[in-house]
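Student: Pasting a structure here, questions to come.
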Amino acid sequence: VSGSADLHGSTKNYIKTGGNFGSHHDNDGTKSDKTYSGKNFLYGIREHAMGGICNGMAYGGIFTPSCATFLVFADYMRPAIRLAALSELPVSYILTHDSIGVGEDGPTHQPVETISGLRVIPNLDVMRPADYEETAAAYTYSITNVNGPTALILTRQNVPLLLGDDITSAEHKRLGTLHGGYIMKKETSPLTHILMASGSEVQYV
C-alpha cells in the first residue's frame, strides 16, 4: 500500500490499478471512488499523521507501507521516522524534489540540511540514487528490507543514465547501488584525489 501527503501528482507514487482507500461515501453523503480494498491512501497535507499511520500498518505486519512527500517536509514526520527506525519497522519513505532543482517553489522547498538530518538517524537506510537504474535498485531494496525503514531521496528533474568505465551491465550498476557505492570512473594516472557524490550531482563529477 502507498500514499501521499496530497502530492501524488508530484511524487508519482500512485498505484494506478490499486484504487483509493476509504469509505464509499464522503462526509456530505455523496458517493466517492474509495473502497476499503483500495491501496492508495489520500492523507492530505498531514505528514506527521501519515508517518504515524504507516508505522501502525507496519506494526500490524500485513502490509508493507510506503508514503511520499517532498523531501523538505520530512521534518514534519521526523518523530514518526525516528520511531520506525528505533522499532525496526519496514516503512518506505519516498521523498522527492531533492536538492535545489525543485522548480518554481524556491528556497522554502530547498532541502539543504534535510538529508544530513536523516542520515544520522540510527537504523534508517537513506538511499539517494543518481539515475533510473540506481532508483530501481533502491526501490527494490526498500520494499524487501524487513529490518527497518528506508528513505528514498529522489530528484524532481530528469537525470541521464550514467555510464562509467567499469559498469558492464544494469545488474552491475544495481548491485553497486545495493552495496552503497561503486566506482564510476577509475583513475588513469597515480591516484591523488577521490571524488564522491550521490543523487543528481553524480552526473557533474
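Residue numbering restarts at 1 in every chain; chains get A, B, ... in the order shown in the C-alpha cells, and ligands count up from 1 in that same order.
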Using the chain letters and numbers from this document, which residues of chain A does DSSP assign to strand (DSSP E or B), as a ChimeraX atom specification?
Tutor: /A:2-4,20-21,25,31,34-35,40-42,66-70,92-96,125-127,150-153
Student: Do you know which residues are at most 12 Å from Cys54 of chain A counting only C-alpha atoms, after dropping those on the same chain fewer than 5 positions away, and could you put them as a PyMOL selection string?
Tutor: chain A and resi 1-4+41+43+47-49+59-68+77+80-81+83-84+89-93+149
Student: Between A:Gln157, A:Gln203, A:Ser198, A:Thr69, single out the one closest to Gly181 of chain A, counting only C-alpha atoms.
Tutor: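 Of A:Gln157, A:Gln203, A:Ser198, A:Thr69, the one nearest Gly181 of chain A is A:Ser198, counting only C-alpha atoms.
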Student: When distances are computed from only C-alpha atoms, which of A:Asn40, A:Thr177, A:Gln110, A:Ser99 shows the smallest separation from Phe73 of chain A?
Tutor: A:Gln110
Student: Counting only C-alpha atoms, figure out which residue out of A:Asn145, A:Thr114, A:Thr140, A:Thr96 gets nearest to Gly9 of chain A.
Tutor: A:Thr96
Student: Select, from A:Met57, A:Ile167, A:Ala85, A:Val159, the residue with the minimum atom-to-atom distance to Gly199 of chain A, counting only C-alpha atoms.
Tutor: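 Counting only C-alpha atoms, the residue closest to Gly199 of chain A is A:Val159.
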Student: I want to know what sits within 12 Å of Tyr141 of chain A, based on only C-alpha atoms, with residues of the same chain fewer than 3 positions away left out; could you give that as a compact mmCIF listing (two decimals) with N, CA, C and O atoms, in the first residue's frame?
Tutor:
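Done, and the output landed in around.txt:
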# COMPACT_ATOMS: atom_id res chain seq x y z
N PRO A 90 9.39 -1.84 8.75
CA PRO A 90 9.68 -1.78 7.31
C PRO A 90 8.79 -0.78 6.58
O PRO A 90 7.85 -1.15 5.88
N VAL A 91 9.08 0.50 6.74
CA VAL A 91 8.33 1.57 6.07
C VAL A 91 9.23 2.21 5.02
O VAL A 91 10.42 2.45 5.28
N SER A 92 8.69 2.47 3.85
CA SER A 92 9.43 3.15 2.79
C SER A 92 8.96 4.59 2.68
O SER A 92 7.76 4.84 2.53
N ASP A 125 17.89 3.55 6.66
CA ASP A 125 18.70 3.47 5.44
C ASP A 125 18.29 4.59 4.50
O ASP A 125 17.14 4.66 4.08
N VAL A 126 19.23 5.46 4.18
CA VAL A 126 18.98 6.60 3.30
C VAL A 126 19.66 6.32 1.96
O VAL A 126 20.87 6.14 1.89
N MET A 127 18.87 6.28 0.89
CA MET A 127 19.39 5.98 -0.43
C MET A 127 19.07 7.14 -1.38
O MET A 127 17.91 7.55 -1.48
N PRO A 129 19.60 7.78 -5.13
CA PRO A 129 20.04 7.28 -6.43
C PRO A 129 20.34 8.39 -7.43
O PRO A 129 19.77 9.48 -7.36
N GLU A 134 19.81 3.03 -10.67
CA GLU A 134 20.03 3.10 -9.23
C GLU A 134 18.69 3.22 -8.49
O GLU A 134 18.51 2.64 -7.41
N THR A 135 17.75 3.95 -9.08
CA THR A 135 16.44 4.11 -8.46
C THR A 135 15.72 2.76 -8.39
O THR A 135 15.09 2.44 -7.38
N ALA A 136 15.81 1.98 -9.46
CA ALA A 136 15.18 0.65 -9.46
C ALA A 136 15.76 -0.23 -8.36
O ALA A 136 15.02 -0.93 -7.65
N ALA A 137 17.09 -0.18 -8.20
CA ALA A 137 17.73 -0.98 -7.15
C ALA A 137 17.31 -0.50 -5.77
O ALA A 137 17.01 -1.30 -4.88
N ALA A 138 17.30 0.82 -5.58
CA ALA A 138 16.95 1.38 -4.28
C ALA A 138 15.50 1.07 -3.92
O ALA A 138 15.18 0.74 -2.76
N THR A 144 11.86 -4.69 0.16
CA THR A 144 12.27 -6.01 0.64
C THR A 144 13.03 -5.93 1.96
O THR A 144 13.32 -6.95 2.57
N ASN A 145 13.35 -4.72 2.40
CA ASN A 145 14.05 -4.53 3.66
C ASN A 145 13.07 -4.72 4.82
O ASN A 145 12.16 -3.92 5.01
N VAL A 146 13.26 -5.77 5.61
CA VAL A 146 12.34 -6.06 6.70
C VAL A 146 12.94 -5.69 8.06
O VAL A 146 12.33 -5.94 9.10
N ASN A 147 14.11 -5.09 8.05
CA ASN A 147 14.81 -4.80 9.31
C ASN A 147 14.75 -3.34 9.74
O ASN A 147 15.38 -2.95 10.71
N GLY A 148 14.00 -2.53 9.00
CA GLY A 148 13.91 -1.13 9.35
C GLY A 148 13.41 -0.30 8.18
O GLY A 148 13.21 -0.81 7.07
N PRO A 149 13.24 0.99 8.38
CA PRO A 149 12.72 1.87 7.33
C PRO A 149 13.79 2.30 6.33
O PRO A 149 14.99 2.26 6.63
N THR A 150 13.33 2.71 5.17
CA THR A 150 14.21 3.19 4.10
C THR A 150 13.70 4.52 3.58
O THR A 150 12.50 4.67 3.33
N ALA A 151 14.59 5.47 3.43
CA ALA A 151 14.24 6.76 2.83
C ALA A 151 14.84 6.84 1.44
O ALA A 151 16.06 6.74 1.27
N LEU A 152 13.98 7.00 0.45
CA LEU A 152 14.43 7.15 -0.94
C LEU A 152 14.44 8.63 -1.27
O LEU A 152 13.39 9.29 -1.26
N ARG A 174 23.11 -1.95 -10.47
CA ARG A 174 22.16 -2.13 -9.38
C ARG A 174 22.81 -2.80 -8.17
O ARG A 174 22.52 -2.45 -7.02
N LEU A 175 23.70 -3.75 -8.42
CA LEU A 175 24.40 -4.41 -7.33
C LEU A 175 25.29 -3.41 -6.59
O LEU A 175 25.37 -3.42 -5.36
N THR A 177 24.72 -0.28 -6.30
CA THR A 177 23.82 0.56 -5.50
C THR A 177 23.47 -0.11 -4.19
O THR A 177 23.48 0.51 -3.12
N LEU A 178 23.18 -1.41 -4.24
CA LEU A 178 22.83 -2.15 -3.03
C LEU A 178 24.00 -2.25 -2.07
O LEU A 178 23.81 -2.38 -0.86
N HIS A 179 25.21 -2.18 -2.60
CA HIS A 179 26.40 -2.20 -1.74
C HIS A 179 26.72 -0.83 -1.16
O HIS A 179 27.65 -0.70 -0.35
N GLY A 180 25.99 0.20 -1.60
CA GLY A 180 26.18 1.53 -1.04
C GLY A 180 27.08 2.43 -1.86
O GLY A 180 27.26 3.61 -1.54
Student: List as a Markdown table every residue of segment 91-199 of chain A that is in contact with segment 10-28 of chain A, defined as an atom at most 10 Å from one of its atoms (using only C-alpha atoms), together with the nearest atom pair and the distance in Å rounded to one decimal, sorted by chain and then rising number.
Tutor:
| residue | atom | partner | partner_atom | distance |
| --- | --- | --- | --- | --- |
| A:Ile94 | CA | A:Thr11 | CA | 7.6 |
| A:Leu95 | CA | A:Thr11 | CA | 7.7 |
| A:Thr96 | CA | A:Thr11 | CA | 6.0 |
| A:His97 | CA | A:Thr11 | CA | 8.2 |
| A:Leu154 | CA | A:Thr11 | CA | 9.0 |
| A:Thr155 | CA | A:Thr11 | CA | 9.7 |
| A:Arg156 | CA | A:Ser10 | CA | 8.3 |
Student: For Leu195 of chain A, find every residue with an atom within 8 Å (counting only C-alpha atoms), except residues of its own chain fewer than 2 positions away, and show them as a list in words.
Tutor: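 In the requested format, the answer is His193, Ala197 and Val205 of chain A.
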